[in-house]
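S.K.: Right, I'll just put the structure down here and ask away after.
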Amino acid sequence: MSDPISEILLFQVGAHVFAAPVRDVVRIGTVRDSAAEELVLDTALGTPFSRQRCIVVASPGSERTLVVDQVVGFRTVGENDVQPLPAFAAACIHSGALAGLVVLDDIPTPFIDLPTLLREHAARRVTPQ
Amino acid sequence: MWDPKAGFGQRMDVGPRGQEAWFFCLRILGGRYAFEAALVTEVVRLGPLTRLPAAPPFLTGVFTHRGEVLPVLDVSQLVGQGSIPVRPSTRAAIVHCGPWKVAVVSEAVEGLITVPRRALEAPPAESSGVAEFLSGVAQDRLGAVAILDMPRLVEAARARAVPAGGAAA
């Protein structure tokens, strides 16, 4: 058994479940607790259906709020549970937000770098592609 | 798109007469497509796929196989001919192309086929769709089969995923 190395947060956007390090999360709240201009809805993870829950993430100089459908829970994962992307996938995906995969019950779950996800989202809004 | 039922053109110069070439044949795009058999390590039934955020459409997702996470490549998506629906019965061929290891999803797996080298012909001059990745065409007892240059196809997929200008998406 591998030593636990970190706590992760599992959350859902649309039909898909993602994982992120708990250390990146400032707090979990509801959409009505945040100002509308702070909310981040449509990221590379997709667009949430329900828009009720949110994850507040520390960003340099401010906090950003990612709207999600559901916070699934917390898990402690071991070193062997976190894997890099397969080489071909890493060569095809040009987003730093996808930091790897957490294999939970034999299912690979995208491991998200939340600050990078929100930074890339902000950059796309400044320079739409 | 090249039609596997259509006639063939000029004969390929692929080696001595009388020898047979081994290919691995999949059904994709409604036709028979084969590639160098040595590239295939095994055929698997696809488990549940995990979609990856920011992935190009041809990278359908990833799945675990014997503890290893493998990416799934959909050739139909790559050449703009729709997509292969992934069901519990869907099979994929695990292919090694240089540094890349991918599971090529198929409509059905035919398996190993042999084609007399003298029966291999040059692909059509067409350069769009899947024809761009053909290295030859042939006819065996089951009918027409198109020979894919799988390493070139996989490398082209990777190259197409690079955003214009090479900047991060």
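Starting from 1 in every chain, residues are counted up; chains themselves are A, B, ... following the order of the structure tokens, and ligands are numbered from 1 as listed.
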Which neighbours of Ser95 (chain A) fall inside 12 Å, counting only C-alpha atoms, when residues of the same chain fewer than 4 positions from it are skipped, and could you give them as number ranges by chain?
M.R.: A: 43-45, 85, 89-91, 99-100, 112-114, 116-121, 123-124; B: 52-56, 161-163, 167-169
S.K.: Suppose we keep N, CA and C atoms; can you now write the selection as a short mmCIF file (atom, residue, chain, number, x, y, z; two decimals), in the first residue's frame?
M.R.:
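Final output, saved to out-v1.cif:
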```cif
data_model
loop_
_atom_site.label_atom_id
_atom_site.label_comp_id
_atom_site.auth_asym_id
_atom_site.auth_seq_id
_atom_site.Cartn_x
_atom_site.Cartn_y
_atom_site.Cartn_z
N THR A 43 -15.73 26.60 -18.52
CA THR A 43 -14.29 26.39 -18.64
C THR A 43 -14.04 25.18 -19.54
N ALA A 44 -12.78 24.77 -19.61
CA ALA A 44 -12.43 23.57 -20.38
C ALA A 44 -13.10 22.32 -19.81
N LEU A 45 -13.60 22.41 -18.59
CA LEU A 45 -14.27 21.25 -17.98
C LEU A 45 -15.69 21.11 -18.48
N LEU A 85 -0.47 12.07 -17.66
CA LEU A 85 -1.27 11.71 -18.84
C LEU A 85 -0.47 10.74 -19.69
N ALA A 89 -1.74 11.49 -25.20
CA ALA A 89 -2.72 12.47 -24.72
C ALA A 89 -2.02 13.76 -24.32
N ALA A 90 -0.87 13.63 -23.64
CA ALA A 90 -0.13 14.82 -23.23
C ALA A 90 0.32 15.63 -24.44
N ALA A 91 0.66 14.93 -25.53
CA ALA A 91 1.13 15.62 -26.74
C ALA A 91 -0.02 16.30 -27.48
N ALA A 99 -3.55 18.29 -15.07
CA ALA A 99 -2.26 18.00 -14.47
C ALA A 99 -1.93 16.51 -14.45
N GLY A 100 -2.91 15.68 -14.76
CA GLY A 100 -2.68 14.24 -14.74
C GLY A 100 -3.99 13.52 -14.54
N ILE A 112 -7.20 18.12 -11.91
CA ILE A 112 -7.24 19.49 -12.43
C ILE A 112 -6.43 20.44 -11.55
N ASP A 113 -5.60 21.23 -12.20
CA ASP A 113 -4.91 22.33 -11.53
C ASP A 113 -5.86 23.53 -11.61
N LEU A 114 -6.60 23.77 -10.53
CA LEU A 114 -7.66 24.78 -10.56
C LEU A 114 -7.15 26.19 -10.84
N THR A 116 -4.61 27.13 -12.58
CA THR A 116 -4.27 27.21 -14.00
C THR A 116 -5.52 27.20 -14.86
N LEU A 117 -6.50 26.39 -14.49
CA LEU A 117 -7.76 26.34 -15.24
C LEU A 117 -8.39 27.73 -15.29
N LEU A 118 -8.42 28.40 -14.15
CA LEU A 118 -9.07 29.71 -14.10
C LEU A 118 -8.22 30.77 -14.79
N ARG A 119 -6.89 30.61 -14.71
CA ARG A 119 -6.00 31.56 -15.41
C ARG A 119 -6.18 31.42 -16.92
N GLU A 120 -6.24 30.17 -17.40
CA GLU A 120 -6.42 29.95 -18.84
C GLU A 120 -7.79 30.46 -19.30
N HIS A 121 -8.80 30.28 -18.44
CA HIS A 121 -10.13 30.77 -18.77
C HIS A 121 -10.11 32.29 -18.91
N ALA A 123 -7.54 34.14 -19.62
CA ALA A 123 -6.75 34.51 -20.80
C ALA A 123 -7.57 34.36 -22.08
N ARG A 124 -8.40 33.31 -22.13
CA ARG A 124 -9.25 33.10 -23.32
C ARG A 124 -10.29 34.21 -23.46
N LEU B 52 -11.37 13.63 -21.61
CA LEU B 52 -10.37 14.55 -21.08
C LEU B 52 -10.71 15.97 -21.49
N PRO B 53 -10.67 16.91 -20.55
CA PRO B 53 -10.95 18.29 -20.91
C PRO B 53 -9.89 18.82 -21.86
N ALA B 54 -10.31 19.67 -22.79
CA ALA B 54 -9.42 20.33 -23.76
C ALA B 54 -8.80 19.35 -24.75
N ALA B 55 -9.37 18.15 -24.85
CA ALA B 55 -8.83 17.18 -25.81
C ALA B 55 -9.43 17.41 -27.19
N PRO B 56 -8.66 17.16 -28.25
CA PRO B 56 -9.23 17.25 -29.60
C PRO B 56 -10.27 16.13 -29.80
N ALA B 161 -3.26 18.44 -33.38
CA ALA B 161 -3.73 18.90 -32.07
C ALA B 161 -3.00 20.15 -31.62
N VAL B 162 -1.88 20.47 -32.28
CA VAL B 162 -1.13 21.66 -31.89
C VAL B 162 -1.92 22.88 -32.37
N PRO B 163 -2.26 23.78 -31.48
CA PRO B 163 -3.04 24.95 -31.89
C PRO B 163 -2.25 25.79 -32.89
N ALA B 167 0.77 27.97 -29.91
CA ALA B 167 0.53 28.48 -28.57
C ALA B 167 -0.38 27.54 -27.80
N ALA B 168 -0.31 27.62 -26.51
CA ALA B 168 -1.19 26.80 -25.68
C ALA B 168 -2.62 27.26 -25.85
N ALA B 169 -3.55 26.28 -25.86
CA ALA B 169 -4.97 26.62 -26.04
C ALA B 169 -5.51 27.24 -24.77
#
```
S.K.: Output as a list of chain:residue names the set of chain A residues within 8 Å of chain B, with distances taken over only C-alpha atoms.
M.R.: A:His16, A:Ala44, A:Leu45, A:Gly46, A:Leu85, A:Pro86, A:Ala87, A:Phe88, A:Ala89, A:Ala91, A:Cys92, A:Ile93, A:His94, A:Ser95, A:Leu98, A:Asp106, A:Ile107, A:Pro108, A:Thr109, A:Pro110
S.K.: Could you pull out the strand (DSSP E) residues of chain A, going by DSSP on the backbone, and write them as a PyMOL selection string?
M.R.: chain A and resi 4-13+16-21+25-30+39-40+53-59+62-68+70-78+82-83+98-104+107-112
S.K.: Per DSSP on the backbone, what are the alpha helix (DSSP H) residues of chain A, as a ChimeraX atom specification?
M.R.: /A:87-92,114-126
S.K.: Could you give me, as a VMD selection string, the residues within 12 Å of region 53-69 of chain A, counting only C-alpha atoms and dropping anything in the same chain fewer than 2 positions from it?
M.R.: chain A and resid 9 to 18 20 to 51 71 to 72 113 to 122
S.K.: Could you tell me how far CA of Ser127 (chain B) sits from CA of Cys97 (chain B), in Å to one decimal place?
M.R.: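 These two atoms are separated by 21.9 Å.
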S.K.: Compile the contact shell of Trp22 (chain B) as a VMD selection string: residues with an atom at most 7 Å away, counting only C-alpha atoms, same-chain residues fewer than 4 positions apart removed.
M.R.: chain B and resid 36 to 37 112 to 115
S.K.: Can I get the selection written as a PDB file, in the first residue's frame, with N, CA, C and O atoms?
M.R.:
```pdb
ATOM      1  N   GLU B  36       0.166  -2.404 -40.611  1.00  0.00           N
ATOM      2  CA  GLU B  36       1.237  -3.349 -40.285  1.00  0.00           C
ATOM      3  C   GLU B  36       0.915  -4.122 -39.002  1.00  0.00           C
ATOM      4  O   GLU B  36       0.728  -3.527 -37.937  1.00  0.00           O
ATOM      5  N   ALA B  37       0.878  -5.435 -39.095  1.00  0.00           N
ATOM      6  CA  ALA B  37       0.447  -6.262 -37.964  1.00  0.00           C
ATOM      7  C   ALA B  37       1.374  -6.126 -36.761  1.00  0.00           C
ATOM      8  O   ALA B  37       0.921  -6.207 -35.618  1.00  0.00           O
ATOM      9  N   LEU B 112      -5.883 -10.610 -38.043  1.00  0.00           N
ATOM     10  CA  LEU B 112      -4.756 -10.715 -38.974  1.00  0.00           C
ATOM     11  C   LEU B 112      -5.234 -11.137 -40.357  1.00  0.00           C
ATOM     12  O   LEU B 112      -6.077 -12.030 -40.490  1.00  0.00           O
ATOM     13  N   ILE B 113      -4.676 -10.509 -41.362  1.00  0.00           N
ATOM     14  CA  ILE B 113      -4.924 -10.929 -42.739  1.00  0.00           C
ATOM     15  C   ILE B 113      -3.580 -10.988 -43.465  1.00  0.00           C
ATOM     16  O   ILE B 113      -2.618 -10.330 -43.059  1.00  0.00           O
ATOM     17  N   THR B 114      -3.511 -11.801 -44.480  1.00  0.00           N
ATOM     18  CA  THR B 114      -2.314 -11.817 -45.313  1.00  0.00           C
ATOM     19  C   THR B 114      -2.706 -11.395 -46.715  1.00  0.00           C
ATOM     20  O   THR B 114      -3.780 -11.732 -47.207  1.00  0.00           O
ATOM     21  N   VAL B 115      -1.822 -10.640 -47.303  1.00  0.00           N
ATOM     22  CA  VAL B 115      -2.041 -10.161 -48.669  1.00  0.00           C
ATOM     23  C   VAL B 115      -0.757 -10.447 -49.451  1.00  0.00           C
ATOM     24  O   VAL B 115       0.339 -10.068 -48.988  1.00  0.00           O
TER      25      VAL B 115
END
```
